[in-house]
file target_18.pdb (PDB, C-alpha atoms, pLDDT in the B column)
ATOM      1  CA  MET S   1      -3.402 -25.781  -7.533  1.00 63.00           C
ATOM      2  CA  GLY S   2      -5.255 -24.847  -4.334  1.00 91.00           C
ATOM      3  CA  VAL S   3      -5.205 -21.423  -2.695  1.00 96.00           C
ATOM      4  CA  ARG S   4      -2.713 -21.165   0.152  1.00 97.00           C
ATOM      5  CA  ALA S   5      -2.318 -17.397   0.501  1.00 98.00           C
ATOM      6  CA  VAL S   6      -4.254 -14.138   0.330  1.00 98.00           C
ATOM      7  CA  ILE S   7      -2.316 -10.919  -0.349  1.00 98.00           C
ATOM      8  CA  LEU S   8      -3.859  -7.464  -0.197  1.00 98.00           C
ATOM      9  CA  ASP S   9      -2.993  -3.896  -1.043  1.00 98.00           C
ATOM     10  CA  ILE S  10      -3.065  -1.383   1.827  1.00 98.00           C
ATOM     11  CA  GLY S  11      -4.091   2.117   0.679  1.00 97.00           C
ATOM     12  CA  GLY S  12      -7.612   2.090  -0.743  1.00 97.00           C
ATOM     13  CA  VAL S  13      -8.167  -1.458   0.539  1.00 98.00           C
ATOM     14  CA  LEU S  14      -7.281  -1.877   4.218  1.00 98.00           C
ATOM     15  CA  GLU S  15      -7.093   1.890   4.571  1.00 98.00           C
ATOM     16  CA  VAL S  16      -9.966   4.111   3.443  1.00 98.00           C
ATOM     17  CA  THR S  17      -8.157   6.908   1.641  1.00 95.00           C
ATOM     18  CA  SER S  18      -8.988   9.870  -0.571  1.00 91.00           C
ATOM     19  CA  GLU S  19      -7.025  11.829  -3.148  1.00 91.00           C
ATOM     20  CA  MET S  20      -3.706  13.195  -1.909  1.00 94.00           C
ATOM     21  CA  THR S  21      -4.365  16.939  -2.047  1.00 95.00           C
ATOM     22  CA  PHE S  22      -1.864  18.172   0.530  1.00 96.00           C
ATOM     23  CA  ILE S  23       0.564  19.735  -1.957  1.00 94.00           C
ATOM     24  CA  GLY S  24      -2.183  21.733  -3.674  1.00 94.00           C
ATOM     25  CA  GLU S  25      -3.511  22.858  -0.321  1.00 96.00           C
ATOM     26  CA  TRP S  26      -0.060  24.031   0.762  1.00 96.00           C
ATOM     27  CA  LEU S  27       0.509  25.824  -2.546  1.00 96.00           C
ATOM     28  CA  ASP S  28      -2.704  27.771  -1.942  1.00 96.00           C
ATOM     29  CA  ARG S  29      -1.679  28.497   1.635  1.00 96.00           C
ATOM     30  CA  LEU S  30       1.749  29.733   0.560  1.00 95.00           C
ATOM     31  CA  GLY S  31       0.439  31.660  -2.435  1.00 95.00           C
ATOM     32  CA  LEU S  32       2.469  29.610  -4.907  1.00 92.00           C
ATOM     33  CA  ALA S  33       1.581  28.421  -8.404  1.00 92.00           C
ATOM     34  CA  LEU S  34       2.189  24.837  -9.526  1.00 88.00           C
ATOM     35  CA  ASP S  35       4.939  25.912 -11.919  1.00 88.00           C
ATOM     36  CA  GLU S  36       6.789  27.540  -9.023  1.00 88.00           C
ATOM     37  CA  ILE S  37       7.543  24.182  -7.380  1.00 90.00           C
ATOM     38  CA  GLY S  38      11.224  23.328  -7.498  1.00 84.00           C
ATOM     39  CA  PRO S  39      12.265  20.191  -9.408  1.00 87.00           C
ATOM     40  CA  GLU S  40      13.527  18.628  -6.163  1.00 85.00           C
ATOM     41  CA  LEU S  41       9.952  18.355  -4.899  1.00 89.00           C
ATOM     42  CA  VAL S  42       8.602  16.947  -8.172  1.00 87.00           C
ATOM     43  CA  GLU S  43      11.174  14.163  -8.244  1.00 91.00           C
ATOM     44  CA  ILE S  44      11.097  13.200  -4.573  1.00 94.00           C
ATOM     45  CA  TRP S  45       7.776  11.311  -4.620  1.00 93.00           C
ATOM     46  CA  GLY S  46       8.838   8.681  -7.140  1.00 94.00           C
ATOM     47  CA  ALA S  47      12.162   8.290  -5.361  1.00 96.00           C
ATOM     48  CA  GLY S  48      10.406   7.868  -2.020  1.00 97.00           C
ATOM     49  CA  GLU S  49       8.184   5.135  -3.422  1.00 97.00           C
ATOM     50  CA  LEU S  50      11.259   3.111  -4.325  1.00 97.00           C
ATOM     51  CA  GLY S  51      13.246   3.912  -1.191  1.00 97.00           C
ATOM     52  CA  ALA S  52      15.861   5.892  -3.085  1.00 97.00           C
ATOM     53  CA  VAL S  53      15.756   8.742  -0.552  1.00 97.00           C
ATOM     54  CA  THR S  54      15.577   9.113   3.216  1.00 97.00           C
ATOM     55  CA  GLU S  55      12.901  10.928   5.200  1.00 97.00           C
ATOM     56  CA  SER S  56      15.447  13.659   5.894  1.00 96.00           C
ATOM     57  CA  GLN S  57      15.976  14.112   2.162  1.00 96.00           C
ATOM     58  CA  VAL S  58      12.209  14.352   1.657  1.00 97.00           C
ATOM     59  CA  ARG S  59      12.090  17.136   4.249  1.00 96.00           C
ATOM     60  CA  GLU S  60      14.957  18.956   2.553  1.00 96.00           C
ATOM     61  CA  ALA S  61      13.263  18.638  -0.852  1.00 95.00           C
ATOM     62  CA  ILE S  62      10.110  20.210   0.589  1.00 95.00           C
ATOM     63  CA  CYS S  63      12.162  23.037   2.096  1.00 95.00           C
ATOM     64  CA  THR S  64      13.904  23.705  -1.206  1.00 93.00           C
ATOM     65  CA  GLY S  65      10.986  22.996  -3.539  1.00 93.00           C
ATOM     66  CA  LEU S  66       8.543  25.229  -1.656  1.00 94.00           C
ATOM     67  CA  SER S  67      11.128  27.706  -0.312  1.00 93.00           C
ATOM     68  CA  VAL S  68      10.031  27.116   3.292  1.00 95.00           C
ATOM     69  CA  ASP S  69      11.805  26.441   6.581  1.00 96.00           C
ATOM     70  CA  GLN S  70      11.922  23.061   8.334  1.00 96.00           C
ATOM     71  CA  GLN S  71       9.010  23.904  10.634  1.00 97.00           C
ATOM     72  CA  VAL S  72       6.725  24.418   7.647  1.00 97.00           C
ATOM     73  CA  ALA S  73       8.182  21.333   5.946  1.00 97.00           C
ATOM     74  CA  ASP S  74       7.306  19.257   9.009  1.00 97.00           C
ATOM     75  CA  ALA S  75       3.724  20.560   8.839  1.00 98.00           C
ATOM     76  CA  VAL S  76       3.546  19.590   5.139  1.00 97.00           C
ATOM     77  CA  ILE S  77       4.817  16.106   5.992  1.00 97.00           C
ATOM     78  CA  ALA S  78       2.296  15.766   8.820  1.00 97.00           C
ATOM     79  CA  ASP S  79      -0.532  16.577   6.392  1.00 97.00           C
ATOM     80  CA  MET S  80       0.895  14.099   3.884  1.00 97.00           C
ATOM     81  CA  TRP S  81       0.861  11.255   6.384  1.00 98.00           C
ATOM     82  CA  GLU S  82      -2.631  12.110   7.597  1.00 97.00           C
ATOM     83  CA  GLN S  83      -3.946  11.759   4.048  1.00 97.00           C
ATOM     84  CA  TYR S  84      -1.713   8.762   3.283  1.00 97.00           C
ATOM     85  CA  LEU S  85      -2.932   6.758   6.303  1.00 98.00           C
ATOM     86  CA  GLY S  86      -6.610   7.598   5.861  1.00 97.00           C
ATOM     87  CA  ALA S  87      -8.809   5.582   8.215  1.00 98.00           C
ATOM     88  CA  ALA S  88      -8.902   1.891   9.072  1.00 98.00           C
ATOM     89  CA  ASN S  89     -11.214  -0.245   6.949  1.00 98.00           C
ATOM     90  CA  THR S  90     -12.185  -2.215  10.040  1.00 98.00           C
ATOM     91  CA  GLU S  91     -14.607  -4.603   8.318  1.00 98.00           C
ATOM     92  CA  LEU S  92     -11.993  -5.847   5.864  1.00 98.00           C
ATOM     93  CA  ILE S  93      -9.221  -5.822   8.470  1.00 98.00           C
ATOM     94  CA  ASP S  94     -11.353  -8.033  10.747  1.00 98.00           C
ATOM     95  CA  TYR S  95     -12.046 -10.388   7.836  1.00 98.00           C
ATOM     96  CA  VAL S  96      -8.339 -10.694   6.993  1.00 98.00           C
ATOM     97  CA  ALA S  97      -7.569 -11.466  10.640  1.00 97.00           C
ATOM     98  CA  MET S  98      -9.909 -14.475  10.461  1.00 97.00           C
ATOM     99  CA  LEU S  99      -8.084 -15.993   7.480  1.00 97.00           C
ATOM    100  CA  ARG S 100      -5.169 -17.154   9.601  1.00 95.00           C
ATOM    101  CA  PRO S 101      -4.051 -19.827  10.259  1.00 93.00           C
ATOM    102  CA  ARG S 102      -5.979 -21.519   7.431  1.00 94.00           C
ATOM    103  CA  PHE S 103      -4.167 -19.348   4.879  1.00 97.00           C
ATOM    104  CA  ARG S 104      -0.920 -17.434   4.699  1.00 98.00           C
ATOM    105  CA  THR S 105      -1.667 -13.717   4.517  1.00 98.00           C
ATOM    106  CA  GLY S 106       0.367 -10.785   3.308  1.00 98.00           C
ATOM    107  CA  LEU S 107       0.218  -7.129   2.303  1.00 98.00           C
ATOM    108  CA  LEU S 108       1.782  -5.660  -0.836  1.00 98.00           C
ATOM    109  CA  SER S 109       1.955  -1.881  -1.013  1.00 98.00           C
ATOM    110  CA  ASN S 110       3.291   0.801  -3.310  1.00 98.00           C
ATOM    111  CA  SER S 111       4.458   2.747  -0.311  1.00 98.00           C
ATOM    112  CA  PHE S 112       6.601   5.692   0.721  1.00 97.00           C
ATOM    113  CA  VAL S 113       9.700   5.837   2.870  1.00 97.00           C
ATOM    114  CA  GLY S 114       8.564   5.762   6.510  1.00 97.00           C
ATOM    115  CA  ALA S 115       5.287   3.940   5.839  1.00 98.00           C
ATOM    116  CA  ARG S 116       6.044   0.776   7.819  1.00 98.00           C
ATOM    117  CA  GLN S 117       6.600   2.616  11.077  1.00 97.00           C
ATOM    118  CA  ARG S 118       3.536   4.828  10.713  1.00 97.00           C
ATOM    119  CA  GLU S 119       1.159   2.099   9.575  1.00 97.00           C
ATOM    120  CA  SER S 120       2.379  -0.211  12.297  1.00 96.00           C
ATOM    121  CA  ALA S 121       1.746   2.474  14.914  1.00 97.00           C
ATOM    122  CA  ALA S 122      -1.658   3.411  13.494  1.00 97.00           C
ATOM    123  CA  TYR S 123      -3.086   0.011  12.553  1.00 97.00           C
ATOM    124  CA  GLY S 124      -0.797  -2.783  13.760  1.00 97.00           C
ATOM    125  CA  PHE S 125      -0.590  -4.371  10.306  1.00 97.00           C
ATOM    126  CA  GLU S 126       2.541  -6.309  11.261  1.00 96.00           C
ATOM    127  CA  GLU S 127       0.438  -8.254  13.755  1.00 97.00           C
ATOM    128  CA  LEU S 128      -2.384  -8.783  11.260  1.00 97.00           C
ATOM    129  CA  VAL S 129      -0.535 -10.723   8.544  1.00 98.00           C
ATOM    130  CA  ASP S 130       2.437 -13.013   8.020  1.00 98.00           C
ATOM    131  CA  ASP S 131       4.447 -10.608   5.857  1.00 98.00           C
ATOM    132  CA  ILE S 132       4.364  -7.105   4.373  1.00 98.00           C
ATOM    133  CA  VAL S 133       6.175  -6.110   1.185  1.00 98.00           C
ATOM    134  CA  TYR S 134       6.671  -2.348   0.892  1.00 98.00           C
ATOM    135  CA  SER S 135       7.880  -0.945  -2.424  1.00 98.00           C
ATOM    136  CA  HIS S 136      10.173   1.542  -0.690  1.00 98.00           C
ATOM    137  CA  GLU S 137      11.956  -1.306   1.093  1.00 98.00           C
ATOM    138  CA  VAL S 138      12.463  -3.576  -1.925  1.00 98.00           C
ATOM    139  CA  GLY S 139      13.090  -1.027  -4.685  1.00 98.00           C
ATOM    140  CA  MET S 140      10.236  -2.267  -6.876  1.00 98.00           C
ATOM    141  CA  ALA S 141       6.646  -1.112  -7.275  1.00 98.00           C
ATOM    142  CA  LYS S 142       3.480  -2.605  -8.708  1.00 98.00           C
ATOM    143  CA  PRO S 143       2.932  -3.531 -11.525  1.00 98.00           C
ATOM    144  CA  ASN S 144       6.556  -4.714 -11.764  1.00 98.00           C
ATOM    145  CA  PRO S 145       6.218  -8.527 -11.958  1.00 98.00           C
ATOM    146  CA  GLY S 146       9.128  -8.942  -9.582  1.00 98.00           C
ATOM    147  CA  ILE S 147       7.322  -7.467  -6.608  1.00 98.00           C
ATOM    148  CA  TYR S 148       4.431  -9.941  -6.877  1.00 98.00           C
ATOM    149  CA  LEU S 149       6.844 -12.849  -7.177  1.00 98.00           C
ATOM    150  CA  LEU S 150       8.735 -11.574  -4.139  1.00 98.00           C
ATOM    151  CA  ALA S 151       5.531 -11.349  -2.093  1.00 98.00           C
ATOM    152  CA  CYS S 152       4.698 -14.962  -2.972  1.00 98.00           C
ATOM    153  CA  GLU S 153       8.249 -16.141  -2.289  1.00 98.00           C
ATOM    154  CA  ARG S 154       8.265 -14.549   1.154  1.00 98.00           C
ATOM    155  CA  LEU S 155       5.014 -16.334   1.993  1.00 98.00           C
ATOM    156  CA  GLY S 156       6.366 -19.641   0.684  1.00 98.00           C
ATOM    157  CA  VAL S 157       3.748 -20.072  -2.052  1.00 98.00           C
ATOM    158  CA  GLU S 158       3.635 -20.204  -5.835  1.00 98.00           C
ATOM    159  CA  PRO S 159       1.807 -17.359  -7.651  1.00 98.00           C
ATOM    160  CA  GLY S 160      -0.925 -19.793  -8.686  1.00 97.00           C
ATOM    161  CA  GLU S 161      -1.573 -20.506  -5.001  1.00 97.00           C
ATOM    162  CA  ALA S 162      -2.213 -16.860  -4.123  1.00 98.00           C
ATOM    163  CA  ILE S 163      -5.151 -14.469  -4.409  1.00 98.00           C
ATOM    164  CA  PHE S 164      -4.337 -10.764  -4.680  1.00 98.00           C
ATOM    165  CA  VAL S 165      -6.680  -7.854  -3.857  1.00 98.00           C
ATOM    166  CA  ASP S 166      -6.070  -4.270  -5.014  1.00 98.00           C
ATOM    167  CA  ASP S 167      -8.147  -1.197  -5.885  1.00 98.00           C
ATOM    168  CA  SER S 168      -5.956  -0.418  -8.920  1.00 98.00           C
ATOM    169  CA  GLU S 169      -6.728  -2.088 -12.252  1.00 98.00           C
ATOM    170  CA  MET S 170      -3.070  -1.734 -13.229  1.00 98.00           C
ATOM    171  CA  ALA S 171      -1.932  -3.536 -10.062  1.00 98.00           C
ATOM    172  CA  VAL S 172      -4.539  -6.270 -10.568  1.00 98.00           C
ATOM    173  CA  SER S 173      -3.353  -6.816 -14.147  1.00 98.00           C
ATOM    174  CA  GLY S 174       0.225  -7.023 -12.900  1.00 98.00           C
ATOM    175  CA  ALA S 175      -0.712  -9.780 -10.458  1.00 98.00           C
ATOM    176  CA  GLU S 176      -2.568 -11.707 -13.131  1.00 98.00           C
ATOM    177  CA  SER S 177       0.445 -11.469 -15.446  1.00 98.00           C
ATOM    178  CA  VAL S 178       2.500 -13.633 -13.045  1.00 98.00           C
ATOM    179  CA  GLY S 179      -0.259 -16.212 -12.558  1.00 98.00           C
ATOM    180  CA  MET S 180      -2.004 -14.937  -9.434  1.00 98.00           C
ATOM    181  CA  THR S 181      -5.774 -14.820  -9.123  1.00 98.00           C
ATOM    182  CA  ALA S 182      -6.653 -11.152  -8.640  1.00 98.00           C
ATOM    183  CA  ILE S 183      -9.672  -9.233  -7.358  1.00 98.00           C
ATOM    184  CA  LEU S 184     -10.336  -5.570  -8.113  1.00 98.00           C
ATOM    185  CA  HIS S 185     -11.517  -4.085  -4.822  1.00 98.00           C
ATOM    186  CA  THR S 186     -14.603  -1.905  -5.266  1.00 97.00           C
ATOM    187  CA  SER S 187     -16.389  -2.533  -1.960  1.00 98.00           C
ATOM    188  CA  ASN S 188     -15.986  -4.658   1.151  1.00 98.00           C
ATOM    189  CA  ALA S 189     -19.070  -6.702   0.346  1.00 98.00           C
ATOM    190  CA  VAL S 190     -17.922  -7.601  -3.160  1.00 98.00           C
ATOM    191  CA  THR S 191     -14.336  -8.326  -2.127  1.00 98.00           C
ATOM    192  CA  ILE S 192     -15.315 -10.536   0.809  1.00 98.00           C
ATOM    193  CA  SER S 193     -17.964 -12.461  -1.137  1.00 98.00           C
ATOM    194  CA  THR S 194     -15.584 -12.979  -4.080  1.00 97.00           C
ATOM    195  CA  LEU S 195     -12.794 -14.138  -1.784  1.00 97.00           C
ATOM    196  CA  GLU S 196     -15.129 -16.526   0.036  1.00 96.00           C
ATOM    197  CA  ALA S 197     -16.310 -18.015  -3.256  1.00 96.00           C
ATOM    198  CA  LEU S 198     -12.746 -18.522  -4.478  1.00 96.00           C
ATOM    199  CA  LEU S 199     -11.629 -20.039  -1.179  1.00 95.00           C
ATOM    200  CA  ARG S 200     -14.629 -22.421  -1.118  1.00 90.00           C
ATOM    201  CA  GLN S 201     -13.935 -23.427  -4.707  1.00 86.00           C
ATOM    202  CA  SER S 202     -10.312 -24.095  -3.863  1.00 75.00           C
ATOM    203  CA  ARG S 203     -11.220 -26.296  -0.909  1.00 70.00           C
ATOM    204  CA  SER S 204     -13.618 -28.357  -3.020  1.00 57.00           C
ATOM    205  CA  ASP S 205     -11.239 -28.704  -5.979  1.00 54.00           C
ATOM    206  CA  PRO S 206     -10.207 -32.387  -6.144  1.00 46.00           C
ATOM    207  CA  ARG S 207      -6.814 -31.475  -7.567  1.00 48.00           C
TER     208      ARG S 207
END

call {"tool": "encode", "arguments": {"input": "target_18.pdb", "output": "structure tokens"}}
result
Amino acid sequence: MGVRAVILDIGGVLEVTSEMTFIGEWLDRLGLALDEIGPELVEIWGAGELGAVTESQVREAICTGLSVDQQVADAVIADMWEQYLGAANTELIDYVAMLRPRFRTGLLSNSFVGARQRESAAYGFEELVDDIVYSHEVGMAKPNPGIYLLACERLGVEPGEAIFVDDSEMAVSGAESVGMTAILHTSNAVTISTLEALLRQSRSDPR
């Protein structure tokens, strides 16, 4: 079965990101210990990944969990998004842009409520690829097999016709479990050369 689609993760792949340290930084700034965080704030991140809360509810959880007003909560959220978005991995983004129209292309992200709007504004990902599956919009997250199958379905391909790229070993294993070919992203050079080899092999496969 030949390759018809390439699907990539966003954070750590198309975005150069670092560890999310904003909560620890704000705890230091506010003079709070980790065990002083309210349960609302602990639970909100997993809920946000699956779209079970709104951005307003995230703000309220920060207010309650850190015992701060909305102005401070907005500053915490601004720091969160700055770290979340990182910086554009322009080399890989430019490579992905060149894959169309020969291949269907998509993004598959374990995201957070509000990510589509911010990533679209920052990087224009909606113009880069044919489809984007965000965990917070579909209520599933990698490595749930269903989210990989959904990404393939929305691109109109079978899992065996898709290559998936992610910087998480767990997410790569999840893709492989549904029959996708998967690449663990460690550097642009390795990812691009591996993709090119797989795409050349697919084109020369007599099947």

call {"tool": "resolve_selection", "arguments": {"input": "target_18.pdb", "expression": "the PyMOL selection byres ((chain S and resi 158) around 10)", "output": "list in words"}}
result
Met1, Val3, Arg4, Ala5, Leu149, Ala151, Cys152, Glu153, Leu155, Gly156, Val157, Pro159, Gly160, Glu161, Ala162, Val178, Gly179 and Met180 of chain S

call {"tool": "write_last_selection", "arguments": {"input": "target_18.pdb", "atoms": "C-alpha atoms", "output": "compact mmCIF listing (two decimals), in the coordinates of the input"}}
result
# COMPACT_ATOMS: atom_id res chain seq x y z
CA MET S 1 -3.40 -25.78 -7.53
CA VAL S 3 -5.20 -21.42 -2.70
CA ARG S 4 -2.71 -21.16 0.15
CA ALA S 5 -2.32 -17.40 0.50
CA LEU S 149 6.84 -12.85 -7.18
CA ALA S 151 5.53 -11.35 -2.09
CA CYS S 152 4.70 -14.96 -2.97
CA GLU S 153 8.25 -16.14 -2.29
CA LEU S 155 5.01 -16.33 1.99
CA GLY S 156 6.37 -19.64 0.68
CA VAL S 157 3.75 -20.07 -2.05
CA PRO S 159 1.81 -17.36 -7.65
CA GLY S 160 -0.92 -19.79 -8.69
CA GLU S 161 -1.57 -20.51 -5.00
CA ALA S 162 -2.21 -16.86 -4.12
CA VAL S 178 2.50 -13.63 -13.04
CA GLY S 179 -0.26 -16.21 -12.56
CA MET S 180 -2.00 -14.94 -9.43

call {"tool": "atom_distance", "arguments": {"input": "target_18.pdb", "atom1": "CA of Gly48 (chain S)", "atom2": "CA of Ala182 (chain S)"}}
result
26.4 Å

call {"tool": "residues_around", "arguments": {"input": "target_18.pdb", "residues": "region 13-24 of chain S", "least_positions_apart": "6", "cutoff": "6 Å", "atoms": "all atoms listed in the file", "output": "PyMOL selection string"}}
result
chain S and resi 80+86-89

call {"tool": "closest_residue", "arguments": {"input": "target_18.pdb", "among": "S:Phe164, S:Tyr84, S:Tyr95, S:Trp26", "to": "Leu108 (chain S)", "atoms": "all atoms listed in the file"}}
result
S:Phe164

call {"tool": "closest_atom_pairs", "arguments": {"input": "target_18.pdb", "of": "region 77-151 of chain S", "to": "region 57-62 of chain S", "cutoff": "12 Å", "atoms": "all atoms listed in the file", "output": "JSON lines"}}
result
{"residue": "S:Ile77", "atom": "CA", "partner": "S:Arg59", "partner_atom": "CA", "distance": 7.5}
{"residue": "S:Ala78", "atom": "CA", "partner": "S:Arg59", "partner_atom": "CA", "distance": 10.9}
{"residue": "S:Met80", "atom": "CA", "partner": "S:Val58", "partner_atom": "CA", "distance": 11.5}
{"residue": "S:Phe112", "atom": "CA", "partner": "S:Val58", "partner_atom": "CA", "distance": 10.4}
{"residue": "S:Val113", "atom": "CA", "partner": "S:Val58", "partner_atom": "CA", "distance": 9.0}
{"residue": "S:Gly114", "atom": "CA", "partner": "S:Val58", "partner_atom": "CA", "distance": 10.5}
